[in-house]
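Note sheet for the following structure.
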Amino acid sequence: MTLDQWLEAAQADAERRGLPALKPLLDTLARTTKALRAADFNERADGADAPPKP
């Protein structure tokens, strides 16, 4: 299941449950997840040198 498929299913579920206010939150979650997945994390959070890539 792709993120777009998940978003479509989650928004449809929110609509069925009568929770239209949830739809913008789900959209924001999907956009944020896409951005995090696309991010290039070069530095380690603990400040240690990352092992060399093969």
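Just remember, in the structure tokens the first chain shown is A, the second B, etc., residues are 1-based per chain, and ligands are 1-based in the order shown.
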I need the residues of chain A that end up classed as helix (DSSP H, G or I) by DSSP on the backbone, written out as a ChimeraX atom specification.
/A:3-16,22-38
Produce a file of the selected residues containing N, CA and C atoms, as a PDB file, in the first residue's frame.
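And here is the file that came out, again-v1.pdb:
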```
ATOM      1  N   LEU A   3       1.572   5.420   0.255  1.00  0.00           N
ATOM      2  CA  LEU A   3       1.104   6.471   1.152  1.00  0.00           C
ATOM      3  C   LEU A   3      -0.156   7.125   0.598  1.00  0.00           C
ATOM      4  N   ASP A   4      -0.206   7.329  -0.708  1.00  0.00           N
ATOM      5  CA  ASP A   4      -1.399   7.927  -1.318  1.00  0.00           C
ATOM      6  C   ASP A   4      -2.618   7.015  -1.166  1.00  0.00           C
ATOM      7  N   GLN A   5      -2.423   5.717  -1.318  1.00  0.00           N
ATOM      8  CA  GLN A   5      -3.526   4.773  -1.112  1.00  0.00           C
ATOM      9  C   GLN A   5      -3.992   4.789   0.336  1.00  0.00           C
ATOM     10  N   TRP A   6      -3.023   4.833   1.258  1.00  0.00           N
ATOM     11  CA  TRP A   6      -3.385   4.898   2.666  1.00  0.00           C
ATOM     12  C   TRP A   6      -4.195   6.159   2.957  1.00  0.00           C
ATOM     13  N   LEU A   7      -3.739   7.292   2.436  1.00  0.00           N
ATOM     14  CA  LEU A   7      -4.429   8.556   2.681  1.00  0.00           C
ATOM     15  C   LEU A   7      -5.856   8.503   2.154  1.00  0.00           C
ATOM     16  N   GLU A   8      -6.024   7.986   0.965  1.00  0.00           N
ATOM     17  CA  GLU A   8      -7.365   7.891   0.383  1.00  0.00           C
ATOM     18  C   GLU A   8      -8.271   7.011   1.252  1.00  0.00           C
ATOM     19  N   ALA A   9      -7.759   5.881   1.688  1.00  0.00           N
ATOM     20  CA  ALA A   9      -8.549   4.971   2.527  1.00  0.00           C
ATOM     21  C   ALA A   9      -8.859   5.598   3.890  1.00  0.00           C
ATOM     22  N   ALA A  10      -7.875   6.263   4.477  1.00  0.00           N
ATOM     23  CA  ALA A  10      -8.077   6.879   5.790  1.00  0.00           C
ATOM     24  C   ALA A  10      -9.089   8.023   5.715  1.00  0.00           C
ATOM     25  N   GLN A  11      -9.015   8.818   4.654  1.00  0.00           N
ATOM     26  CA  GLN A  11      -9.982   9.912   4.505  1.00  0.00           C
ATOM     27  C   GLN A  11     -11.385   9.382   4.244  1.00  0.00           C
ATOM     28  N   ALA A  12     -11.501   8.318   3.460  1.00  0.00           N
ATOM     29  CA  ALA A  12     -12.808   7.697   3.227  1.00  0.00           C
ATOM     30  C   ALA A  12     -13.372   7.141   4.529  1.00  0.00           C
ATOM     31  N   ASP A  13     -12.515   6.540   5.343  1.00  0.00           N
ATOM     32  CA  ASP A  13     -12.954   6.014   6.638  1.00  0.00           C
ATOM     33  C   ASP A  13     -13.419   7.141   7.555  1.00  0.00           C
ATOM     34  N   ALA A  14     -12.695   8.239   7.569  1.00  0.00           N
ATOM     35  CA  ALA A  14     -13.085   9.386   8.389  1.00  0.00           C
ATOM     36  C   ALA A  14     -14.444   9.913   7.938  1.00  0.00           C
ATOM     37  N   GLU A  15     -14.645   9.952   6.637  1.00  0.00           N
ATOM     38  CA  GLU A  15     -15.935  10.416   6.100  1.00  0.00           C
ATOM     39  C   GLU A  15     -17.067   9.478   6.514  1.00  0.00           C
ATOM     40  N   ARG A  16     -16.841   8.172   6.398  1.00  0.00           N
ATOM     41  CA  ARG A  16     -17.862   7.184   6.796  1.00  0.00           C
ATOM     42  C   ARG A  16     -18.211   7.304   8.271  1.00  0.00           C
ATOM     43  N   LEU A  22     -11.193  15.388  10.626  1.00  0.00           N
ATOM     44  CA  LEU A  22      -9.989  14.568  10.648  1.00  0.00           C
ATOM     45  C   LEU A  22      -9.250  14.596   9.306  1.00  0.00           C
ATOM     46  N   LYS A  23      -9.953  14.876   8.232  1.00  0.00           N
ATOM     47  CA  LYS A  23      -9.358  14.829   6.891  1.00  0.00           C
ATOM     48  C   LYS A  23      -8.164  15.770   6.719  1.00  0.00           C
ATOM     49  N   PRO A  24      -8.218  17.034   7.166  1.00  0.00           N
ATOM     50  CA  PRO A  24      -7.030  17.885   7.017  1.00  0.00           C
ATOM     51  C   PRO A  24      -5.851  17.400   7.855  1.00  0.00           C
ATOM     52  N   LEU A  25      -6.121  16.801   8.988  1.00  0.00           N
ATOM     53  CA  LEU A  25      -5.047  16.256   9.826  1.00  0.00           C
ATOM     54  C   LEU A  25      -4.372  15.075   9.132  1.00  0.00           C
ATOM     55  N   LEU A  26      -5.167  14.229   8.499  1.00  0.00           N
ATOM     56  CA  LEU A  26      -4.615  13.099   7.765  1.00  0.00           C
ATOM     57  C   LEU A  26      -3.778  13.582   6.579  1.00  0.00           C
ATOM     58  N   ASP A  27      -4.245  14.626   5.911  1.00  0.00           N
ATOM     59  CA  ASP A  27      -3.498  15.195   4.793  1.00  0.00           C
ATOM     60  C   ASP A  27      -2.150  15.739   5.266  1.00  0.00           C
ATOM     61  N   THR A  28      -2.156  16.427   6.388  1.00  0.00           N
ATOM     62  CA  THR A  28      -0.910  16.958   6.947  1.00  0.00           C
ATOM     63  C   THR A  28       0.036  15.832   7.335  1.00  0.00           C
ATOM     64  N   LEU A  29      -0.493  14.788   7.937  1.00  0.00           N
ATOM     65  CA  LEU A  29       0.329  13.632   8.300  1.00  0.00           C
ATOM     66  C   LEU A  29       0.955  13.002   7.062  1.00  0.00           C
ATOM     67  N   ALA A  30       0.193  12.868   5.997  1.00  0.00           N
ATOM     68  CA  ALA A  30       0.719  12.273   4.762  1.00  0.00           C
ATOM     69  C   ALA A  30       1.813  13.150   4.160  1.00  0.00           C
ATOM     70  N   ARG A  31       1.605  14.460   4.099  1.00  0.00           N
ATOM     71  CA  ARG A  31       2.623  15.362   3.545  1.00  0.00           C
ATOM     72  C   ARG A  31       3.901  15.331   4.373  1.00  0.00           C
ATOM     73  N   THR A  32       3.741  15.311   5.685  1.00  0.00           N
ATOM     74  CA  THR A  32       4.905  15.274   6.572  1.00  0.00           C
ATOM     75  C   THR A  32       5.657  13.960   6.424  1.00  0.00           C
ATOM     76  N   THR A  33       4.937  12.875   6.322  1.00  0.00           N
ATOM     77  CA  THR A  33       5.568  11.566   6.142  1.00  0.00           C
ATOM     78  C   THR A  33       6.340  11.519   4.831  1.00  0.00           C
ATOM     79  N   LYS A  34       5.759  12.066   3.759  1.00  0.00           N
ATOM     80  CA  LYS A  34       6.461  12.115   2.473  1.00  0.00           C
ATOM     81  C   LYS A  34       7.754  12.918   2.596  1.00  0.00           C
ATOM     82  N   ALA A  35       7.677  14.053   3.282  1.00  0.00           N
ATOM     83  CA  ALA A  35       8.868  14.897   3.438  1.00  0.00           C
ATOM     84  C   ALA A  35       9.950  14.178   4.233  1.00  0.00           C
ATOM     85  N   LEU A  36       9.561  13.490   5.290  1.00  0.00           N
ATOM     86  CA  LEU A  36      10.549  12.762   6.087  1.00  0.00           C
ATOM     87  C   LEU A  36      11.179  11.617   5.302  1.00  0.00           C
ATOM     88  N   ARG A  37      10.375  10.928   4.528  1.00  0.00           N
ATOM     89  CA  ARG A  37      10.908   9.823   3.726  1.00  0.00           C
ATOM     90  C   ARG A  37      11.859  10.327   2.642  1.00  0.00           C
ATOM     91  N   ALA A  38      11.632  11.533   2.150  1.00  0.00           N
ATOM     92  CA  ALA A  38      12.461  12.088   1.087  1.00  0.00           C
ATOM     93  C   ALA A  38      13.698  12.804   1.624  1.00  0.00           C
TER      94      ALA A  38
END
```
